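Q: Below are the structure tokens for one structure; questions will follow.
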Amino acid sequence: MEVRIEGLAVDGILRGVDLTAGTGEVHGIVGPNGSGKSTTLRCAYRALKPHGGVVRLDGRDITTTRVRDTARDLAALTQDSHVEFDFTVTEVVAMGRLPHGAGPDDEAIVRESLTRVDAAHLAHRGFLTLSGGERQRVLIARALTQRPRVLVLDEPTNHLDISHQLAVLALVRRLGVTVLAVLHDLNLAAAHCDRLHVLDRGRVAHSGTPAEVLTPEVLAEVFRVRAHVVPHPTTGVPQLLFDHQEATPC
Ligand SMILES: Nc1ncnc2c1ncn2[C@@H]1O[C@H](COP(=O)(O)OP(=O)(O)OP(=O)(O)O)[C@@H](O)[C@H]1O
């Protein structure tokens with residue numbers, strides 16, 4: 001399913017964000033703190049109504065369909081993905097089936113999703129007893145349980161150790177669904193995304209393949225850091241080495 005974001009505007013935050021992610025492509029949204037990455041995603045999963053612009057799934061404006069219909073197509077892992085009560089892990093992941101209504105395969109789908117994020121052993125634990133990384137994996141399992149055609153992920157590797165960061169991003173790619181992911185780690189973004197969009201002060205400043213976008217010039221202009229770009233010794237993917245910085249942007 002294609003995701004097309006056109007002229008997205010949110011007062012004081014987004015100033016006309018345009019990007020298109022083709023069916024089955026993995027797109028990363030990167031950019032400095034406060035540049036509007038999460039706000040862009042919030043509009044895509046309908047947590048926020050933009051003041052201008054439109055988000056289209058396969059050409060159709062998402063605001064012209066019922067929220068439940070959008071939820072059948074699109075699953076989100078967000079910064080607001082909280083679970084307030086101590087549901088079991090199985091119960092939390094089963095919530096991903098809600099947009100589809102109850103079905104006979106639900107239990108099997110929940111078990112499979114938990115296995116895919118290496119969390120089957122947590123099935124009967126209380127969600128609130130889990131570590132940050134375990135919670136994140138369970139929330140990813142909940143999104144997978146929705147069997148979406150589009151996955152919107154806001155910092156999906158947050159709280160994950162390096163092994164689970166790599167495993168989750170490899171899994172996301174294997175799913176074959178369209179992915180829009182906010183990522184802070186530019187090297188992970190380069191290794192796992194087909195295309196990157198660099199947000200700067202509420203606009204897409206640069207879009208392209210990781211090699212096109214992650215250049216020393218763009219990193220200096222947008223992130224204000226000095227970087228060297230080197231090919232990964234086995235994959236050839238561009239990877240970044242940063243110079244020590246005396247002055248921080250804070
Ligand atoms: N509900 C809101 N009311 C007022 N300002 C907001 C609101 N939501 C976000 N902002 C502001 O909009 C700007 C962009 O926020 P957003 O969360 O989209 O940035 P981001 O690129 O995801 O940042 P980060 O990398 O820090 O997560 C920030 O300055 C933020 O303070």
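Every chain in the structure tokens has a letter given in the order shown (A, B, ...), and although residue numbers restart at 1 in each chain, ligands are simply numbered from 1 in the order shown.
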Could you pull the residues within 10 Å of stretch 16-19 of chain A, counting only C-alpha atoms, minus those fewer than 3 positions along the same chain, as a list of chain:residue names?
A: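 So, after excluding close chain neighbours, the residues are A:Val3, A:Arg4, A:Ile5, A:Glu6, A:Gly7, A:Leu8, A:Ala9, A:Val10, A:Ile13, A:Gly22, A:His27, A:Ile29, A:Gly36, A:Lys37, A:Thr40, A:Gly52, A:Gly53, A:Val54, A:Val55, A:Leu196, A:His197, A:Leu199, A:Gly202, A:Arg203, A:Val204, A:Ala205, A:Ser207.
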Q: Using N, CA and C atoms, can you export the residues from the last selection as a tab-separated table (two decimals), in the first residue's frame?
A:
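Printed below is out-v9.tsv as written:
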chain	number	residue	atom	x	y	z
A	3	VAL	N	1.84	5.08	0.72
A	3	VAL	CA	1.53	6.19	1.63
A	3	VAL	C	2.02	7.47	0.97
A	4	ARG	N	1.10	8.42	0.80
A	4	ARG	CA	1.50	9.70	0.19
A	4	ARG	C	1.09	10.83	1.12
A	5	ILE	N	2.06	11.59	1.54
A	5	ILE	CA	1.81	12.73	2.42
A	5	ILE	C	2.03	13.99	1.59
A	6	GLU	N	0.98	14.83	1.53
A	6	GLU	CA	1.05	16.00	0.65
A	6	GLU	C	0.80	17.28	1.44
A	7	GLY	N	1.78	18.16	1.43
A	7	GLY	CA	1.59	19.51	1.98
A	7	GLY	C	1.12	19.55	3.42
A	8	LEU	N	1.58	18.58	4.23
A	8	LEU	CA	1.08	18.48	5.60
A	8	LEU	C	1.51	19.70	6.41
A	9	ALA	N	0.52	20.38	7.00
A	9	ALA	CA	0.81	21.58	7.79
A	9	ALA	C	0.13	21.48	9.14
A	10	VAL	N	0.89	21.76	10.18
A	10	VAL	CA	0.36	21.86	11.54
A	10	VAL	C	0.92	23.17	12.10
A	13	ILE	N	4.38	23.99	13.62
A	13	ILE	CA	5.22	22.77	13.71
A	13	ILE	C	5.60	22.26	12.32
A	22	GLY	N	6.44	4.08	-1.41
A	22	GLY	CA	5.80	3.10	-2.30
A	22	GLY	C	5.52	1.79	-1.57
A	27	HIS	N	10.80	3.39	4.62
A	27	HIS	CA	11.25	4.78	4.60
A	27	HIS	C	11.56	5.26	6.01
A	29	ILE	N	12.41	8.45	8.58
A	29	ILE	CA	12.31	9.90	8.78
A	29	ILE	C	13.33	10.25	9.86
A	36	GLY	N	9.79	17.89	13.82
A	36	GLY	CA	8.43	17.57	13.38
A	36	GLY	C	8.22	16.13	12.96
A	37	LYS	N	9.15	15.25	13.33
A	37	LYS	CA	9.06	13.84	12.90
A	37	LYS	C	7.82	13.16	13.52
A	40	THR	N	4.52	14.48	12.21
A	40	THR	CA	4.19	13.93	10.89
A	40	THR	C	3.54	12.56	11.03
A	52	GLY	N	-3.53	21.64	7.41
A	52	GLY	CA	-3.50	21.67	5.95
A	52	GLY	C	-2.84	20.41	5.45
A	53	GLY	N	-3.13	20.07	4.19
A	53	GLY	CA	-2.49	18.90	3.59
A	53	GLY	C	-3.29	17.65	3.81
A	54	VAL	N	-2.77	16.55	3.28
A	54	VAL	CA	-3.54	15.31	3.28
A	54	VAL	C	-2.59	14.11	3.34
A	55	VAL	N	-3.08	13.05	3.98
A	55	VAL	CA	-2.36	11.77	3.98
A	55	VAL	C	-3.22	10.79	3.19
A	196	LEU	N	15.41	7.78	2.77
A	196	LEU	CA	15.36	8.60	3.98
A	196	LEU	C	14.80	9.97	3.64
A	197	HIS	N	14.09	10.55	4.62
A	197	HIS	CA	13.59	11.92	4.50
A	197	HIS	C	14.15	12.69	5.69
A	199	LEU	N	13.97	15.73	7.98
A	199	LEU	CA	13.13	16.86	8.37
A	199	LEU	C	13.99	17.93	9.05
A	202	GLY	N	10.27	21.56	10.37
A	202	GLY	CA	8.92	21.38	9.84
A	202	GLY	C	8.80	21.18	8.35
A	203	ARG	N	9.93	20.93	7.68
A	203	ARG	CA	9.87	20.65	6.23
A	203	ARG	C	10.81	19.50	5.91
A	204	VAL	N	10.54	18.83	4.78
A	204	VAL	CA	11.50	17.82	4.31
A	204	VAL	C	12.61	18.56	3.57
A	205	ALA	N	13.78	18.57	4.18
A	205	ALA	CA	14.90	19.31	3.57
A	205	ALA	C	15.59	18.47	2.49
A	207	SER	N	15.43	14.32	0.55
A	207	SER	CA	14.88	12.97	0.43
A	207	SER	C	15.74	12.20	-0.56
Q: Just asking: which residues within stretch 48-105 of chain A are strand (DSSP E or B) according to DSSP, as a CSV table (one decimal) with N, CA and C atoms, in the first residue's frame?
A:
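File produced: out.csv:
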chain,number,residue,atom,x,y,z
A,52,GLY,N,-3.5,21.6,7.4
A,52,GLY,CA,-3.5,21.7,6.0
A,52,GLY,C,-2.8,20.4,5.4
A,53,GLY,N,-3.1,20.1,4.2
A,53,GLY,CA,-2.5,18.9,3.6
A,53,GLY,C,-3.3,17.6,3.8
A,54,VAL,N,-2.8,16.6,3.3
A,54,VAL,CA,-3.5,15.3,3.3
A,54,VAL,C,-2.6,14.1,3.3
A,55,VAL,N,-3.1,13.1,4.0
A,55,VAL,CA,-2.4,11.8,4.0
A,55,VAL,C,-3.2,10.8,3.2
A,56,ARG,N,-2.6,10.2,2.2
A,56,ARG,CA,-3.4,9.2,1.3
A,56,ARG,C,-2.8,7.8,1.5
A,57,LEU,N,-3.7,6.8,1.6
A,57,LEU,CA,-3.3,5.4,1.5
A,57,LEU,C,-3.8,4.9,0.2
A,60,ARG,N,-6.2,7.3,-1.4
A,60,ARG,CA,-7.4,7.7,-0.7
A,60,ARG,C,-7.1,8.5,0.5
A,61,ASP,N,-7.7,9.7,0.6
A,61,ASP,CA,-7.5,10.6,1.8
A,61,ASP,C,-8.0,9.8,3.0
A,74,LEU,N,-3.4,0.2,8.7
A,74,LEU,CA,-2.2,0.8,9.2
A,74,LEU,C,-2.1,0.6,10.7
A,75,ALA,N,-0.9,0.1,11.2
A,75,ALA,CA,-0.7,0.0,12.6
A,75,ALA,C,0.5,0.9,13.0
A,76,ALA,N,0.4,1.4,14.2
A,76,ALA,CA,1.4,2.3,14.7
A,76,ALA,C,2.0,1.9,16.0
A,77,LEU,N,3.3,2.1,16.1
A,77,LEU,CA,4.0,2.0,17.4
A,77,LEU,C,4.5,3.4,17.7
A,88,THR,N,-2.0,-8.8,30.9
A,88,THR,CA,-0.9,-9.7,30.6
A,88,THR,C,-0.4,-9.4,29.2
Q: Neighbours of A:Val225 within 9 Å (only C-alpha atoms; same-chain residues fewer than 2 positions away dropped), as a list in words?
A: Pro216, Leu219, Ala220, Glu221, Val222, Phe223, Ala227, Phe242, Asp243, His244 and Gln245 of chain A
Q: Pick out the residues sitting within 10 Å of stretch 119-130 of chain A, and hand them over as a ChimeraX atom specification; count only C-alpha atoms, and ignore anything fewer than 3 positions along from it in its own chain.
A: /A:83-93,110-116,133-139,141
Q: Give me the chain A side of the contact with ligand 1, cut-off 12 Å, one line per residue showing its nearest atom pair and distance in Å at one decimal, counting only C-alpha atoms and all ligand atoms, sorted by chain and residue number, as a tab-separated table.
A:
residue	atom	partner	partner_atom_place_in_ligand_line	distance
A:Ala9	CA	ligand 1	12 (O)	11.6
A:Val10	CA	ligand 1	12 (O)	8.9
A:Asp11	CA	ligand 1	5 (N)	9.0
A:Gly12	CA	ligand 1	12 (O)	7.1
A:Ile13	CA	ligand 1	12 (O)	4.8
A:Leu14	CA	ligand 1	14 (C)	7.7
A:Arg15	CA	ligand 1	14 (C)	11.1
A:Val17	CA	ligand 1	18 (O)	11.7
A:Ile29	CA	ligand 1	21 (O)	9.0
A:Val30	CA	ligand 1	21 (O)	7.8
A:Gly31	CA	ligand 1	21 (O)	6.2
A:Pro32	CA	ligand 1	25 (O)	5.6
A:Asn33	CA	ligand 1	25 (O)	3.3
A:Gly34	CA	ligand 1	19 (O)	3.5
A:Ser35	CA	ligand 1	21 (O)	3.8
A:Gly36	CA	ligand 1	18 (O)	3.2
A:Lys37	CA	ligand 1	21 (O)	3.8
A:Ser38	CA	ligand 1	22 (O)	3.7
A:Thr39	CA	ligand 1	18 (O)	3.7
A:Thr40	CA	ligand 1	18 (O)	6.4
A:Leu41	CA	ligand 1	18 (O)	8.1
A:Arg42	CA	ligand 1	18 (O)	8.2
A:Cys43	CA	ligand 1	18 (O)	10.0
A:Ala47	CA	ligand 1	1 (N)	10.7
A:Leu48	CA	ligand 1	1 (N)	8.9
A:Lys49	CA	ligand 1	1 (N)	11.2
A:Pro50	CA	ligand 1	1 (N)	11.6
A:Thr78	CA	ligand 1	22 (O)	10.6
A:Gln79	CA	ligand 1	27 (O)	8.7
A:Asp80	CA	ligand 1	17 (O)	11.0
A:Leu153	CA	ligand 1	22 (O)	11.5
A:Asp154	CA	ligand 1	22 (O)	8.2
A:Glu155	CA	ligand 1	27 (O)	8.4
A:Asn158	CA	ligand 1	27 (O)	11.2
A:Ala181	CA	ligand 1	22 (O)	11.0
A:Val182	CA	ligand 1	22 (O)	7.7
A:Leu183	CA	ligand 1	25 (O)	8.8
A:His184	CA	ligand 1	25 (O)	7.3
A:Asp185	CA	ligand 1	25 (O)	10.9
A:His197	CA	ligand 1	21 (O)	11.9
A:Val198	CA	ligand 1	21 (O)	10.0
A:Leu199	CA	ligand 1	21 (O)	7.4
A:Asp200	CA	ligand 1	21 (O)	8.2
A:Arg201	CA	ligand 1	14 (C)	8.0
A:Gly202	CA	ligand 1	14 (C)	7.4
A:Arg203	CA	ligand 1	21 (O)	10.5
A:Val204	CA	ligand 1	21 (O)	11.3
A:Phe223	CA	ligand 1	25 (O)	11.4
Q: Enumerate, as an MDAnalysis selection string, the complete set of residues in stretch 2-81 of chain A that a backbone-based DSSP assignment places in helix (DSSP H, G or I).
A: chainID A and resid 37:44 62:64 67:73
Q: Leaving out stretch 234-238 of chain A and any residue of its chain fewer than 6 positions from it, which residues lie within 9 Å of it when counting only C-alpha atoms, given as an MDAnalysis selection string?
A: chainID A and resid 187 190:191 210:211 214
